[in-house]
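Trainee: Provided herewith is a single structure, encoded as structure tokens, for subsequent inquiry.
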Amino acid sequence: MDAQSAALGNKLLGNDADAAVTEITFGLGRFQFTKSCAFSLTGADFSATLDGRPLKPNQVYQAAARETMGFGKRQFGARVYLSVAAGIRSNLVLGSRSYFPGMTPNRLESGDCLPIQESSADPFDTQLQPAIEHQEFLSASLECTPGPEFRLLNLEQQTRLFRSFSVSVDNNRVGYRLVESLNNELEPILTSAVLPGTVQLTPDGTLIILMRDAPVTGGYPRVLQLSESAICRVSQKIARDPIRFQLKRN
Amino acid sequence: MQFDLQYQLFGDSAILVEWPKVLSKDILVDILAFEAVVRQGARATDLILAYHSLTICFPHAVHFSHEVSILKELYARLTLPSATTQTIWEIPVCYDQDFGIDLREVASRNGMEIDDVIRLHSQPEYLIHFIGFQPGFLYLSGLNPSLHTPRRPSPRLRVDRGSVAIGGQQTGVYPSDTPGGWNILGKSPISFFDPKLAEPVFAKPGDGLRFQSVSRQTFLELQEQVEQGHFQLSRTTRD
């Protein structure tokens with residue numbers, strides 16, 4: 001979801017940009033290393049520990065075999081990325097190592113074993129990698145451009161669209177619904193492409209930000225399109241977090 | 001035939017190309033031919049087809065006027081393929097009300113009986129325009145206008161895989177459990193997407209499709225055949 005944080009984890013470890021990482025939502029999970037392994041945690045901060053020793057985000061650490069990593073209190077964000085040297089060697093399905101419902105076997109369950117390689121942290125220089133500023137995760141502002149149906153909105157809707165909204169409890173990898181709605185009489189459109197970051201307006205006025213597991217097409221008007229980094233920022237939001245769409249200046 | 005195409009920037013790195021806003025076989029043939037030449041150009045990372053649009057995704061931010069001039073030139077030189085063989089697929093559907101949870105509402109909204117909805121839905125030969133929404137979701141044209149029914153005001157959080165549904169002037173089958181806003185008429189026991197196969201989706205844009213009404217008993221038998229991997233979908237071809 002937060003592709004920038006995932007990419008940062010791979011970069012810290014000198015991995016290929018598309019090496020598989022594990023996304024951990026709300027710090028729900030404990031991981032015991034089966035081998036001695038270099039790893040990093042990027043994205044959200046959930047007070048991670050390795051056998052009780054505190055871990056900081058955006059650093060490379062070395063775990064010994066049988067050491068256990070877990071999480072504690074939430075500091076900020078929603079999703080932590082656990083990257084290991086050489087990436088997680090999960091099965092390739094249609095060119096992807098990701099879990100996807102209906103396409104790959106079940107999501108990670110307690111007791112599952114993730115295939116990793118033995119590695120050592122020594123060759124990496126963690127000082128060289130710029131982290132994503134902590135402030136960025138807290139900002140409500142989301143950079144966007146007008147979507148294909150933006151011009152169908154009336155003036156009242158266009159004005160409301162750039163005031164504040166908040167993330168609803170209906171948020172997952174497919175999309176984030178927003179709590180506040182627009183007055184809407186716009187009809188659905190003839191089905192057309194949608195992208196991650198497309199903001200749809202449903203007939204009842206609800207706004208939905210489509211995320212990484214979104215469909216490829218949809219029938220609701222596409223009113224805004226988030227930038228790549230705005231998609232990453234949204235994916236670190238939780239229910240009731242404020243957001244504000246901000247048109248990118250050309 | 002050349003259509004008047006509209007080009008629009010969609011985000012930073014995609015271009016949305018739109019044909020006139022109608023469901024037509026001529027437009028489908030034109031979009032498929034254009035898609036093929038854009039794909040040959042190999043500069044796009046993804047091409048998303050829809051009824052009257054082609055979205056071209058690039059791996060980087062696009063210089064809009066530059067890309068559009070390239071696309072316009074490709075389109076001006078486009079030649080349509082000569083007629084090819086068409087495959088028509090037979091899709092079994094059980095229109096039992098336990099599955100078709102919106103049958104009653106679709107019938108009353110359109111001033112008809114449930115049996116009329118089933119008859120009118122399983123009568124035509126539909127044309128497959130594109131595979132969208134989710135892997136294996138076939139978008140069709142050919143729905144009888146008397147069955148056109150608006151999408152639900154807010155999507156359901158979960159629709160069962162195999163659900164056969166109507167949304168506006170469109171009809172289709174949900175290939176997996178998913179949130180969805182269409183009105184559900186019945187359920188098909190067959191699999192529309194299998195990532196283990198060389199061709200994960202059996203059908204392709206341009207193919208035809210018919211829904212065949214089957215009893216609950218037949219549905220259960222077919223479901224078992226599908227699970228055991230014995231089921232063979234029936235099809236016919238036409239030159």
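Ligands are numbered from 1 in the order shown, chains are lettered A, B, ... in the order of the structure tokens, and residues start at 1 in each chain.
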Taking only C-alpha atoms into account, which residues of chain A are within 6 Å of chain B, as number ranges by chain?
Mentor: A: 192, 203-204, 215-217, 225
Trainee: Please identify all polymer residues within 9 Å of Thr202 (chain A), counting only C-alpha atoms, omitting same-chain residues fewer than 5 positions from it, and present them as a list in words.
Mentor: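 Using only C-alpha atoms, the neighbours found are Asn184, Leu186, Glu187, Pro188, Leu207, Ile208, Gly219, Tyr220 and Pro221 of chain A; Pro153, Ser154 and Pro155 of chain B.
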Trainee: Just want the 6 Å neighbourhood of region 35-45 of chain B, counted on only C-alpha atoms, with same-chain residues fewer than 4 positions away dropped. Output as a PDB file with C-alpha atoms, in the first residue's frame.
Mentor:
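Now in result_17.pdb:
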```pdb
ATOM      1  CA  ILE B  31     -10.521  -0.044 -29.676  1.00  0.00           C
ATOM      2  CA  CYS B  57      -0.476   3.742 -18.346  1.00  0.00           C
ATOM      3  CA  PHE B  58       3.165   4.787 -18.662  1.00  0.00           C
ATOM      4  CA  PRO B  59       5.989   3.921 -16.252  1.00  0.00           C
TER       5      PRO B  59
END
```
Trainee: Using DSSP assignments from the backbone, pull out every residue in chain B that falls under strand (DSSP E or B) and give it to me as a PyMOL selection string.
Mentor: chain B and resi 6-10+14-18+46-49+53-57+86-94+126-132+137-141+149+156-159+163-168+170-173+178-180+183-187+208-213+234-238
Trainee: Using only C-alpha atoms, which residue out of B:Leu143, B:Cys94, B:Leu209, B:Tyr126 lies closest to Ser163 (chain B)?
Mentor: B:Cys94
Trainee: Identify all residues of region 32-200 of chain B in alpha helix (DSSP H) (DSSP on the backbone) and supply them as a VMD selection string.
Mentor: chain B and resid 32 to 41 64 to 76 103 to 109 114 to 122
